[in-house]
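Shown below: protein_16.cif, with mmCIF, C-alpha atoms and all ligand atoms.
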```cif
data_upload
#
loop_
_atom_site.group_PDB
_atom_site.id
_atom_site.type_symbol
_atom_site.label_atom_id
_atom_site.label_comp_id
_atom_site.auth_asym_id
_atom_site.auth_seq_id
_atom_site.Cartn_x
_atom_site.Cartn_y
_atom_site.Cartn_z
ATOM 1 C CA MET H 5 0.000 0.000 0.000
ATOM 2 C CA ASN H 6 1.576 3.286 -1.026
ATOM 3 C CA ASP H 7 1.530 6.325 1.218
ATOM 4 C CA LEU H 8 0.097 4.599 4.257
ATOM 5 C CA MET H 9 0.078 7.823 6.236
ATOM 6 C CA GLU H 10 -1.884 9.663 3.574
ATOM 7 C CA ILE H 11 -4.367 6.781 3.460
ATOM 8 C CA ILE H 12 -4.842 6.822 7.241
ATOM 9 C CA LYS H 13 -5.115 10.615 7.341
ATOM 10 C CA GLY H 14 -7.552 10.717 4.441
ATOM 11 C CA ARG H 15 -9.827 7.805 5.397
ATOM 12 C CA LYS H 16 -13.266 8.660 6.714
ATOM 13 C CA SER H 17 -16.223 6.392 7.274
ATOM 14 C CA VAL H 18 -18.487 6.382 4.215
ATOM 15 C CA ARG H 19 -22.221 5.896 4.791
ATOM 16 C CA THR H 20 -23.505 7.424 1.535
ATOM 17 C CA TYR H 21 -22.667 5.419 -1.622
ATOM 18 C CA ASN H 22 -23.268 6.209 -5.257
ATOM 19 C CA GLY H 23 -25.274 3.048 -5.980
ATOM 20 C CA GLU H 24 -22.743 1.520 -8.421
ATOM 21 C CA GLN H 25 -21.455 -2.031 -8.205
ATOM 22 C CA LEU H 26 -17.734 -2.451 -7.542
ATOM 23 C CA SER H 27 -15.770 -2.947 -10.759
ATOM 24 C CA ASN H 28 -14.690 -6.549 -11.434
ATOM 25 C CA GLU H 29 -11.094 -5.446 -11.112
ATOM 26 C CA HIS H 30 -11.640 -3.938 -7.675
ATOM 27 C CA ARG H 31 -13.610 -6.940 -6.484
ATOM 28 C CA LYS H 32 -10.812 -9.284 -7.573
ATOM 29 C CA LEU H 33 -8.150 -7.151 -5.883
ATOM 30 C CA LEU H 34 -10.124 -7.128 -2.626
ATOM 31 C CA GLU H 35 -10.719 -10.891 -2.774
ATOM 32 C CA GLU H 36 -7.004 -11.520 -3.307
ATOM 33 C CA TYR H 37 -6.019 -9.142 -0.513
ATOM 34 C CA MET H 38 -8.485 -10.668 1.981
ATOM 35 C CA LYS H 39 -6.967 -14.106 1.509
ATOM 36 C CA GLY H 40 -3.546 -12.853 2.569
ATOM 37 C CA ILE H 41 -4.522 -10.871 5.699
ATOM 38 C CA THR H 42 -2.819 -12.117 8.861
ATOM 39 C CA ASN H 43 -2.681 -10.793 12.425
ATOM 40 C CA PRO H 44 -0.120 -11.033 15.236
ATOM 41 C CA PHE H 45 -2.381 -13.297 17.318
ATOM 42 C CA ASP H 46 -2.593 -16.044 14.675
ATOM 43 C CA ILE H 47 -6.355 -16.210 15.033
ATOM 44 C CA PRO H 48 -7.845 -16.659 11.550
ATOM 45 C CA VAL H 49 -10.376 -14.033 10.481
ATOM 46 C CA GLU H 50 -12.566 -15.067 7.552
ATOM 47 C CA PHE H 51 -14.060 -12.506 5.182
ATOM 48 C CA VAL H 52 -17.274 -13.081 3.224
ATOM 49 C CA LEU H 53 -18.616 -10.798 0.468
ATOM 50 C CA LEU H 54 -22.400 -10.453 0.533
ATOM 51 C CA ASP H 55 -24.571 -8.941 -2.152
ATOM 52 C CA ALA H 56 -26.975 -6.500 -0.492
ATOM 53 C CA LYS H 57 -29.979 -7.198 -2.752
ATOM 54 C CA GLU H 58 -29.577 -10.966 -2.848
ATOM 55 C CA HIS H 59 -29.513 -11.214 0.963
ATOM 56 C CA GLU H 60 -31.784 -8.215 1.646
ATOM 57 C CA LEU H 61 -29.108 -6.490 3.711
ATOM 58 C CA SER H 62 -29.341 -2.885 4.809
ATOM 59 C CA SER H 63 -28.492 -0.533 7.637
ATOM 60 C CA PRO H 64 -30.449 2.518 8.742
ATOM 61 C CA VAL H 65 -27.309 4.685 8.562
ATOM 62 C CA LEU H 66 -26.407 3.721 4.969
ATOM 63 C CA SER H 67 -27.648 4.545 1.506
ATOM 64 C CA GLY H 68 -26.646 3.384 -1.978
ATOM 65 C CA GLU H 69 -24.574 0.376 -0.849
ATOM 66 C CA GLN H 70 -24.629 -2.738 -3.071
ATOM 67 C CA LEU H 71 -22.082 -4.990 -1.398
ATOM 68 C CA TYR H 72 -21.030 -5.832 2.153
ATOM 69 C CA VAL H 73 -18.095 -7.627 3.681
ATOM 70 C CA ALA H 74 -18.660 -9.564 6.893
ATOM 71 C CA GLY H 75 -15.836 -10.848 9.077
ATOM 72 C CA LYS H 76 -16.054 -14.050 11.114
ATOM 73 C CA VAL H 77 -13.778 -15.344 13.852
ATOM 74 C CA ASP H 78 -13.856 -18.216 16.342
ATOM 75 C CA LYS H 79 -14.898 -17.077 19.814
ATOM 76 C CA LYS H 80 -11.793 -17.220 21.983
ATOM 77 C CA PRO H 81 -9.565 -14.858 23.979
ATOM 78 C CA TYR H 82 -8.073 -12.167 21.731
ATOM 79 C CA ALA H 83 -10.548 -12.918 18.908
ATOM 80 C CA ASP H 84 -11.817 -9.324 19.125
ATOM 81 C CA VAL H 85 -8.320 -7.774 19.045
ATOM 82 C CA ALA H 86 -7.318 -10.013 16.115
ATOM 83 C CA PHE H 87 -10.565 -9.132 14.340
ATOM 84 C CA GLY H 88 -9.935 -5.396 14.713
ATOM 85 C CA PHE H 89 -6.412 -5.735 13.368
ATOM 86 C CA ALA H 90 -7.411 -7.852 10.351
ATOM 87 C CA PHE H 91 -10.581 -5.985 9.363
ATOM 88 C CA GLU H 92 -8.785 -2.627 9.520
ATOM 89 C CA LYS H 93 -6.168 -3.919 7.075
ATOM 90 C CA LEU H 94 -8.993 -4.485 4.621
ATOM 91 C CA VAL H 95 -10.524 -1.073 5.372
ATOM 92 C CA LEU H 96 -7.220 0.689 4.593
ATOM 93 C CA TYR H 97 -6.576 -1.363 1.466
ATOM 94 C CA ALA H 98 -10.084 -0.603 0.190
ATOM 95 C CA TRP H 99 -9.530 3.119 0.781
ATOM 96 C CA SER H 100 -6.225 2.961 -1.150
ATOM 97 C CA LEU H 101 -8.310 1.817 -4.152
ATOM 98 C CA GLY H 102 -10.880 4.597 -3.692
ATOM 99 C CA ILE H 103 -13.408 2.217 -2.104
ATOM 100 C CA GLY H 104 -15.344 3.455 0.917
ATOM 101 C CA THR H 105 -16.152 1.455 4.044
ATOM 102 C CA VAL H 106 -17.620 1.998 7.481
ATOM 103 C CA TRP H 107 -17.293 -0.359 10.400
ATOM 104 C CA ILE H 108 -20.804 -1.453 11.416
ATOM 105 C CA GLY H 109 -21.082 -3.252 14.747
ATOM 106 C CA GLY H 110 -24.400 -1.916 15.973
ATOM 107 C CA THR H 111 -26.595 -0.270 13.354
ATOM 108 C CA MET H 112 -27.781 -3.374 11.528
ATOM 109 C CA LYS H 113 -30.201 -6.274 11.885
ATOM 110 C CA ARG H 114 -27.577 -8.658 13.151
ATOM 111 C CA GLU H 115 -29.586 -11.887 12.632
ATOM 112 C CA VAL H 116 -30.050 -11.140 8.924
ATOM 113 C CA PHE H 117 -26.314 -10.559 8.382
ATOM 114 C CA GLU H 118 -25.307 -13.578 10.482
ATOM 115 C CA LYS H 119 -27.608 -15.797 8.448
ATOM 116 C CA ALA H 120 -26.315 -14.407 5.150
ATOM 117 C CA ALA H 121 -22.727 -14.964 6.319
ATOM 118 C CA ALA H 122 -23.597 -18.555 7.388
ATOM 119 C CA LEU H 123 -22.265 -17.963 10.899
ATOM 120 C CA LYS H 124 -21.650 -21.236 12.731
ATOM 121 C CA ALA H 125 -21.875 -22.110 16.434
ATOM 122 C CA GLY H 126 -18.679 -21.062 18.198
ATOM 123 C CA GLU H 127 -18.053 -18.220 15.739
ATOM 124 C CA MET H 128 -18.844 -14.531 15.994
ATOM 125 C CA MET H 129 -19.324 -11.873 13.338
ATOM 126 C CA PRO H 130 -18.544 -8.697 15.316
ATOM 127 C CA CYS H 131 -18.785 -6.198 12.445
ATOM 128 C CA VAL H 132 -19.560 -5.808 8.765
ATOM 129 C CA SER H 133 -18.871 -3.001 6.310
ATOM 130 C CA PRO H 134 -20.292 -1.885 3.007
ATOM 131 C CA LEU H 135 -17.782 -1.771 0.133
ATOM 132 C CA GLY H 136 -18.545 0.772 -2.553
ATOM 133 C CA TYR H 137 -17.831 4.105 -4.154
ATOM 134 C CA PRO H 138 -18.637 7.206 -2.104
ATOM 135 C CA ALA H 139 -21.448 9.430 -3.402
ATOM 136 C CA PRO H 140 -20.314 12.990 -4.217
ATOM 137 C CA LYS H 141 -22.215 14.339 -1.211
ATOM 138 C CA ARG H 142 -22.988 12.895 2.221
ATOM 139 C CA SER H 143 -26.640 12.287 3.052
ATOM 140 C CA LEU H 144 -28.156 14.588 5.668
ATOM 141 C CA LYS H 145 -28.486 11.679 8.116
ATOM 142 C CA GLU H 146 -24.781 10.900 7.716
ATOM 143 C CA THR H 147 -23.780 14.524 8.261
ATOM 144 C CA MET H 148 -25.967 14.694 11.389
ATOM 145 C CA MET H 149 -24.584 11.418 12.673
ATOM 146 C CA ARG H 150 -20.952 12.543 12.239
ATOM 147 C CA LYS H 151 -21.731 15.729 14.121
ATOM 148 C CA GLY H 152 -23.477 13.824 16.921
ATOM 149 C CA ILE H 153 -20.482 11.512 17.464
ATOM 150 C CA GLY H 154 -17.874 14.226 16.853
ATOM 151 C CA ALA H 155 -16.435 11.885 14.206
ATOM 152 C CA ASP H 156 -13.826 14.396 13.010
ATOM 153 C CA ASN H 157 -12.304 14.903 16.459
ATOM 154 C CA ARG H 158 -9.591 12.902 18.157
ATOM 155 C CA MET H 159 -8.160 13.279 21.667
ATOM 156 C CA PRO H 160 -4.792 15.010 21.991
ATOM 157 C CA ALA H 161 -1.715 12.785 22.223
ATOM 158 C CA ASP H 162 -0.985 13.663 25.855
ATOM 159 C CA ARG H 163 -4.203 11.952 26.964
ATOM 160 C CA LEU H 164 -3.415 8.762 25.086
ATOM 161 C CA PHE H 165 0.320 8.148 25.223
ATOM 162 C CA PHE H 166 2.279 7.875 28.452
ATOM 163 C CA HIS H 167 5.875 7.433 29.540
ATOM 164 C CA GLU H 168 6.707 4.837 32.200
ATOM 165 C CA ASN H 169 3.494 5.460 34.182
ATOM 166 C CA TRP H 170 -0.187 5.784 33.319
ATOM 167 C CA GLY H 171 -0.946 9.515 33.174
ATOM 168 C CA SER H 172 2.529 10.959 32.611
ATOM 169 C CA PRO H 173 2.443 12.228 29.046
ATOM 170 C CA LEU H 174 4.880 10.912 26.489
ATOM 171 C CA THR H 175 6.490 13.263 24.043
ATOM 172 C CA PRO H 176 7.082 11.059 21.004
ATOM 173 C CA ASP H 177 10.161 11.896 18.984
ATOM 174 C CA GLY H 178 11.691 11.061 15.613
ATOM 175 C CA ASP H 179 9.932 8.438 13.507
ATOM 176 C CA MET H 180 7.773 7.361 16.418
ATOM 177 C CA THR H 181 5.838 10.632 16.185
ATOM 178 C CA ASP H 182 4.287 9.295 12.988
ATOM 179 C CA ALA H 183 3.465 5.865 14.405
ATOM 180 C CA MET H 184 1.739 7.441 17.417
ATOM 181 C CA GLU H 185 -0.141 9.882 15.211
ATOM 182 C CA MET H 186 -1.418 6.967 13.110
ATOM 183 C CA VAL H 187 -2.761 5.380 16.319
ATOM 184 C CA ARG H 188 -4.401 8.646 17.320
ATOM 185 C CA LEU H 189 -6.266 8.878 14.010
ATOM 186 C CA SER H 190 -7.723 5.350 14.216
ATOM 187 C CA PRO H 191 -11.488 4.893 13.924
ATOM 188 C CA SER H 192 -13.303 3.442 16.936
ATOM 189 C CA ALA H 193 -16.810 2.483 18.001
ATOM 190 C CA VAL H 194 -18.756 5.713 18.722
ATOM 191 C CA ASN H 195 -15.359 7.425 18.343
ATOM 192 C CA LYS H 196 -14.504 6.637 21.982
ATOM 193 C CA GLN H 197 -10.757 6.142 21.253
ATOM 194 C CA PRO H 198 -10.204 3.620 24.048
ATOM 195 C CA TRP H 199 -6.531 2.887 23.226
ATOM 196 C CA ARG H 200 -3.717 3.963 25.535
ATOM 197 C CA ILE H 201 0.016 3.315 25.178
ATOM 198 C CA ILE H 202 2.682 3.310 27.875
ATOM 199 C CA LEU H 203 6.284 3.391 26.649
ATOM 200 C CA LYS H 204 8.542 1.699 29.171
ATOM 201 C CA ASP H 205 12.080 0.400 28.651
ATOM 202 C CA GLY H 206 11.742 0.836 24.891
ATOM 203 C CA ILE H 207 8.557 -1.282 24.660
ATOM 204 C CA TYR H 208 5.155 0.109 23.634
ATOM 205 C CA HIS H 209 2.456 -1.428 25.847
ATOM 206 C CA PHE H 210 -1.119 -1.151 24.533
ATOM 207 C CA TYR H 211 -4.092 -0.901 26.906
ATOM 208 C CA GLU H 212 -7.862 -0.654 26.634
ATOM 209 C CA LYS H 213 -9.550 2.128 28.623
ATOM 210 C CA LYS H 214 -13.051 0.732 28.955
ATOM 211 C CA ASP H 215 -16.406 2.457 28.693
ATOM 212 C CA LYS H 216 -19.587 0.667 29.715
ATOM 213 C CA GLY H 217 -21.840 -1.088 27.207
ATOM 214 C CA TYR H 218 -19.408 -2.328 24.562
ATOM 215 C CA VAL H 219 -19.310 -6.051 25.365
ATOM 216 C CA SER H 220 -21.764 -8.662 24.098
ATOM 217 C CA GLU H 221 -21.874 -12.329 23.188
ATOM 218 C CA SER H 222 -22.255 -11.539 19.463
ATOM 219 C CA THR H 223 -19.526 -8.894 19.114
ATOM 220 C CA GLY H 224 -17.036 -9.703 21.860
ATOM 221 C CA ASP H 225 -15.633 -6.455 23.273
ATOM 222 C CA LEU H 226 -15.983 -3.733 20.624
ATOM 223 C CA GLN H 227 -13.353 -1.656 22.436
ATOM 224 C CA LYS H 228 -10.852 -4.509 22.130
ATOM 225 C CA ILE H 229 -11.593 -4.400 18.415
ATOM 226 C CA ASP H 230 -10.674 -0.694 18.604
ATOM 227 C CA VAL H 231 -7.345 -1.534 20.241
ATOM 228 C CA GLY H 232 -6.744 -4.090 17.456
ATOM 229 C CA ILE H 233 -7.307 -1.274 14.948
ATOM 230 C CA ALA H 234 -4.796 0.940 16.778
ATOM 231 C CA LEU H 235 -2.239 -1.890 16.800
ATOM 232 C CA CYS H 236 -2.802 -2.341 13.075
ATOM 233 C CA HIS H 237 -2.085 1.342 12.355
ATOM 234 C CA PHE H 238 0.986 1.323 14.627
ATOM 235 C CA THR H 239 2.591 -1.810 13.183
ATOM 236 C CA MET H 240 1.763 -0.914 9.563
ATOM 237 C CA CYS H 241 3.493 2.409 10.121
ATOM 238 C CA LEU H 242 6.567 0.629 11.533
ATOM 239 C CA GLU H 243 6.590 -1.622 8.468
ATOM 240 C CA GLU H 244 6.366 1.365 6.156
ATOM 241 C CA GLN H 245 9.386 2.830 7.973
ATOM 242 C CA GLY H 246 11.274 -0.429 7.388
ATOM 243 C CA LYS H 247 11.405 -1.272 11.109
ATOM 244 C CA GLN H 248 11.366 -4.829 12.441
ATOM 245 C CA TYR H 249 9.146 -5.402 15.456
ATOM 246 C CA ALA H 250 7.689 -8.129 17.638
ATOM 247 C CA VAL H 251 4.195 -8.180 19.137
ATOM 248 C CA SER H 252 3.778 -10.110 22.374
ATOM 249 C CA VAL H 253 1.254 -10.537 25.137
ATOM 250 C CA SER H 254 3.263 -10.125 28.301
ATOM 251 C CA ASP H 255 1.841 -7.735 30.900
ATOM 252 C CA PRO H 256 4.630 -5.554 32.324
ATOM 253 C CA GLY H 257 2.633 -5.096 35.545
ATOM 254 C CA ILE H 258 2.480 -1.288 35.410
ATOM 255 C CA ASP H 259 -0.188 0.230 37.712
ATOM 256 C CA ILE H 260 -3.281 1.093 35.666
ATOM 257 C CA PRO H 261 -6.777 2.359 36.521
ATOM 258 C CA GLN H 262 -9.480 -0.189 37.375
ATOM 259 C CA ASP H 263 -11.329 0.426 34.138
ATOM 260 C CA ALA H 264 -8.238 -0.322 32.030
ATOM 261 C CA GLU H 265 -6.883 -3.635 30.760
ATOM 262 C CA TYR H 266 -3.511 -4.609 29.336
ATOM 263 C CA ILE H 267 -3.762 -5.928 25.760
ATOM 264 C CA ALA H 268 -0.369 -6.357 24.034
ATOM 265 C CA SER H 269 3.154 -4.981 23.650
ATOM 266 C CA VAL H 270 5.238 -3.979 20.647
ATOM 267 C CA ARG H 271 9.023 -4.101 20.806
ATOM 268 C CA ILE H 272 11.012 -2.556 18.014
ATOM 269 C CA LEU H 273 13.918 -4.838 17.173
HETATM 270 C C1 LIG N 1 -15.709 -1.390 16.114
HETATM 271 C C2 LIG N 1 -16.478 -0.279 15.440
HETATM 272 C C3 LIG N 1 -17.867 -0.351 15.356
HETATM 273 C C4 LIG N 1 -18.586 0.681 14.709
HETATM 274 N N1 LIG N 1 -19.952 0.545 14.577
HETATM 275 C C5 LIG N 1 -20.645 1.495 13.889
HETATM 276 C C6 LIG N 1 -22.042 1.329 13.654
HETATM 277 O O1 LIG N 1 -22.667 0.370 14.092
HETATM 278 N N2 LIG N 1 -22.670 2.284 12.912
HETATM 279 C C7 LIG N 1 -22.017 3.357 12.396
HETATM 280 O O2 LIG N 1 -22.641 4.169 11.732
HETATM 281 N N3 LIG N 1 -20.683 3.550 12.609
HETATM 282 C C8 LIG N 1 -19.977 2.644 13.323
HETATM 283 N N4 LIG N 1 -18.626 2.777 13.503
HETATM 284 C C9 LIG N 1 -17.915 3.921 12.869
HETATM 285 C C10 LIG N 1 -17.468 4.980 13.881
HETATM 286 O O3 LIG N 1 -18.572 5.717 14.326
HETATM 287 C C11 LIG N 1 -16.407 5.892 13.219
HETATM 288 O O4 LIG N 1 -15.292 5.133 12.855
HETATM 289 C C12 LIG N 1 -15.974 7.030 14.141
HETATM 290 O O5 LIG N 1 -17.065 7.876 14.423
HETATM 291 C C13 LIG N 1 -14.850 7.879 13.526
HETATM 292 O O6 LIG N 1 -15.221 8.404 12.281
HETATM 293 P P1 LIG N 1 -14.332 8.109 10.996
HETATM 294 O O7 LIG N 1 -14.327 6.606 10.791
HETATM 295 O O8 LIG N 1 -14.980 8.836 9.861
HETATM 296 O O9 LIG N 1 -12.932 8.599 11.276
HETATM 297 C C14 LIG N 1 -17.894 1.794 14.175
HETATM 298 C C15 LIG N 1 -16.498 1.850 14.282
HETATM 299 C C16 LIG N 1 -15.794 0.832 14.889
HETATM 300 C C17 LIG N 1 -14.300 0.899 14.927
#
```

Spit out the file's structure as structure tokens when you get a sec.
Amino acid sequence: MNDLMEIIKGRKSVRTYNGEQLSNEHRKLLEEYMKGITNPFDIPVEFVLLDAKEHELSSPVLSGEQLYVAGKVDKKPYADVAFGFAFEKLVLYAWSLGIGTVWIGGTMKREVFEKAAALKAGEMMPCVSPLGYPAPKRSLKETMMRKGIGADNRMPADRLFFHENWGSPLTPDGDMTDAMEMVRLSPSAVNKQPWRIILKDGIYHFYEKKDKGYVSESTGDLQKIDVGIALCHFTMCLEEQGKQYAVSVSDPGIDIPQDAEYIASVRIL
């Protein structure tokens, strides 16, 4: 993917589509790309393309969409983080081709999508997204929705990234400024931005700062999906910079607030 940072900076959720089918070329490229998506947790995420008309799929926040992608994953620890990481790779690749997406975890008739995606016992389908070309102008309902959520805002870095201890702001320097900025710009459910990073002894530890109401049997923890998205942006940026890194799950035991949870660590090699 060329110009990862431009793609991340430019991406916005698209809820208003122009009604056209994806070109055959674009569909093939997406299908190829999906097959090769991996994640650091080695938990397979399966993608299924679903024709909106054939399966009578819709969402009250969308218009003009013709095609959806659903993601499925076995229910197990870290399935939600792995899902976030893998699905975001697809979201960014789609955007690099001029194809719009929006993560949908809530505003849909879940049973209809789960049936269309042939979800099996033991699996979950936390989110879906339309795949299509953005309409020239956002619908009024989309514009209102973005305003309501404050979708264009992100928290400042000093509330998200810490040095040694939770709460003491980190001043990123050099190349890492970009990697942290890519995390900051990540999309998240209801734009809550629940990711936090503590840099300690050269290792970037990722945490989830939890809000209430984001966990369910059918989605897992949506805010863990958000942290998976942040990890995806961070590690893709390291790759673009030609850096080697290792992702591990090994809690460093730093004191954190009660409503926070350790997720994973990234060490740059
Ligand atoms: C896990 C997840 C679930 C989401 N679920 C929905 C949803 O159900 N409906 C919706 O309209 N947007 C949903 N969104 C999109 C967010 O509202 C959006 O990413 C956020 O407001 C930031 O806006 P942006 O993507 O344009 O940067 C979801 C995003 C994530 C990451």

Evaluate the PyMOL selection byres (((chain H and resi 186) around 8) and not hetatm) on the structure here and hand back the selected residues as a VMD selection string.
-> chain H and resid 9 12 to 13 182 to 185 187 to 190 234 237 to 238 241

Could you give me, as a PyMOL selection string, every polymer residue with an atom at most 6 Å away from an atom of ligand LIG 1 (chain N), counting all atoms listed in the file?
-> chain H and resi 16-17+65+106-111+153+155+191-195+226+229-230

Just C-alpha atoms for this one: save the residues we selected as a PDB file, in the coordinates of the input.
```pdb
ATOM      1  CA  LYS H  16     -13.266   8.660   6.714  1.00  0.00           C
ATOM      2  CA  SER H  17     -16.223   6.392   7.274  1.00  0.00           C
ATOM      3  CA  VAL H  65     -27.309   4.685   8.562  1.00  0.00           C
ATOM      4  CA  VAL H 106     -17.620   1.998   7.481  1.00  0.00           C
ATOM      5  CA  TRP H 107     -17.293  -0.359  10.400  1.00  0.00           C
ATOM      6  CA  ILE H 108     -20.804  -1.453  11.416  1.00  0.00           C
ATOM      7  CA  GLY H 109     -21.082  -3.252  14.747  1.00  0.00           C
ATOM      8  CA  GLY H 110     -24.400  -1.916  15.973  1.00  0.00           C
ATOM      9  CA  THR H 111     -26.595  -0.270  13.354  1.00  0.00           C
ATOM     10  CA  ILE H 153     -20.482  11.512  17.464  1.00  0.00           C
ATOM     11  CA  ALA H 155     -16.435  11.885  14.206  1.00  0.00           C
ATOM     12  CA  PRO H 191     -11.488   4.893  13.924  1.00  0.00           C
ATOM     13  CA  SER H 192     -13.303   3.442  16.936  1.00  0.00           C
ATOM     14  CA  ALA H 193     -16.810   2.483  18.001  1.00  0.00           C
ATOM     15  CA  VAL H 194     -18.756   5.713  18.722  1.00  0.00           C
ATOM     16  CA  ASN H 195     -15.359   7.425  18.343  1.00  0.00           C
ATOM     17  CA  LEU H 226     -15.983  -3.733  20.624  1.00  0.00           C
ATOM     18  CA  ILE H 229     -11.593  -4.400  18.415  1.00  0.00           C
ATOM     19  CA  ASP H 230     -10.674  -0.694  18.604  1.00  0.00           C
TER      20      ASP H 230
END
```

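Distance annotation: of H:Asn43, H:Leu135, H:Leu8, H:Val85, the residue with the minimal separation from Leu26 of chain H is H:Leu135; atom set is only C-alpha atoms.
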
Result set, the PyMOL selection byres (((chain H and resi 39) around 12) and not hetatm) on current file, as a short mmCIF file (atom, residue, chain, number, x, y, z; two decimals) with C-alpha atoms, keeping the file's coordinate frame:
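Saved the output as result29.cif:
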```cif
data_model
loop_
_atom_site.label_atom_id
_atom_site.label_comp_id
_atom_site.auth_asym_id
_atom_site.auth_seq_id
_atom_site.Cartn_x
_atom_site.Cartn_y
_atom_site.Cartn_z
CA LYS H 32 -10.81 -9.28 -7.57
CA LEU H 33 -8.15 -7.15 -5.88
CA LEU H 34 -10.12 -7.13 -2.63
CA GLU H 35 -10.72 -10.89 -2.77
CA GLU H 36 -7.00 -11.52 -3.31
CA TYR H 37 -6.02 -9.14 -0.51
CA MET H 38 -8.48 -10.67 1.98
CA GLY H 40 -3.55 -12.85 2.57
CA ILE H 41 -4.52 -10.87 5.70
CA THR H 42 -2.82 -12.12 8.86
CA PRO H 48 -7.84 -16.66 11.55
CA VAL H 49 -10.38 -14.03 10.48
CA GLU H 50 -12.57 -15.07 7.55
CA PHE H 51 -14.06 -12.51 5.18
CA VAL H 52 -17.27 -13.08 3.22
CA ALA H 90 -7.41 -7.85 10.35
CA PHE H 91 -10.58 -5.98 9.36
CA LYS H 93 -6.17 -3.92 7.08
CA LEU H 94 -8.99 -4.49 4.62
#
```

At most 7 Å from (-2.8, -0.7, 23.2), file frame, all atoms listed in the file: which residues, as a ChimeraX atom specification?
-> /H:199-201,209-212,231,234-235,267-268

May I have the protein, DNA and RNA residues with an atom at most 6 Å from (-13.9, -7.2, 15.2), counting only C-alpha atoms in the file's coordinates, returned as a ChimeraX atom specification?
-> /H:84,87-88,130-131,229

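Distances here use only C-alpha atoms; by that measure, the residue among H:Lys214, H:Lys145, H:Arg15, H:Lys204 closest to Arg271 of chain H is H:Lys204.
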
Two-atom distance - atom CA of Ser63 of chain H, atom CA of Gly104 of chain H (Å) = 15.3 Å

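Distances to Asn169 of chain H were evaluated for H:Asp205, H:Glu221, H:Glu10, H:Asp259 using all atoms listed in the file, and the minimum falls at H:Asp259.
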
Run through the PyMOL selection byres (((chain H and resi 249) around 6) and not hetatm) on the given coordinates and return the selected residues as a PyMOL selection string.
-> chain H and resi 248+250+271-273

Edge lengths and centre in Å to one decimal, as AutoDock Vina command-line options, is what I'm after for the box along x, y and z that holds all listed atoms of segment 229-233 of chain H once 8 Å is added on each side.
```
--center_x -9.2 --center_y -2.5 --center_z 17.6 --size_x 20.8 --size_y 19.7 --size_z 21.3
```

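You will find atom CA of Met149 of chain H at 15.2 Å from atom CA of Met112 of chain H.
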
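When all atoms listed in the file are used to measure the gap to Tyr208 of chain H, the shortest distance among H:Gln227, H:Asn28, H:Ser252, H:Ser269 belongs to H:Ser269.
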
Neighbours of Glu118 of chain H within 10 Å (all atoms listed in the file; same-chain residues fewer than 2 positions away dropped), as a ChimeraX atom specification?
-> /H:74-76,113-116,120-124,128-130,132,222

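Nearest-residue note for Leu101 of chain H: choosing from H:Ser62, H:Gln245, H:Ser27, H:Ser254, the minimum distance belongs to H:Ser27, counting only C-alpha atoms.
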
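Candidate residues H:Ala264, H:Met159, H:Val270, H:Asp225 were compared for distance to Gly206 of chain H, and the nearest is H:Val270, using all atoms listed in the file.
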
Name all residues at most 8 Å from Lys79 of chain H (count all atoms listed in the file; drop same-chain ones fewer than 6 positions away) and give them as a PyMOL selection string.
-> chain H and resi 126-128+224

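Between atom CA of Pro140 of chain H and atom CA of Gly154 of chain H the interatomic distance comes to 21.2 Å.
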
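The list of residues with at least one atom within 10 Å of Asp162 of chain H, based on all atoms listed in the file and without residues fewer than 5 positions apart in the same chain, reads His167, Gly171, Ser172, Pro173, Leu174, Thr175 and Pro176 of chain H.
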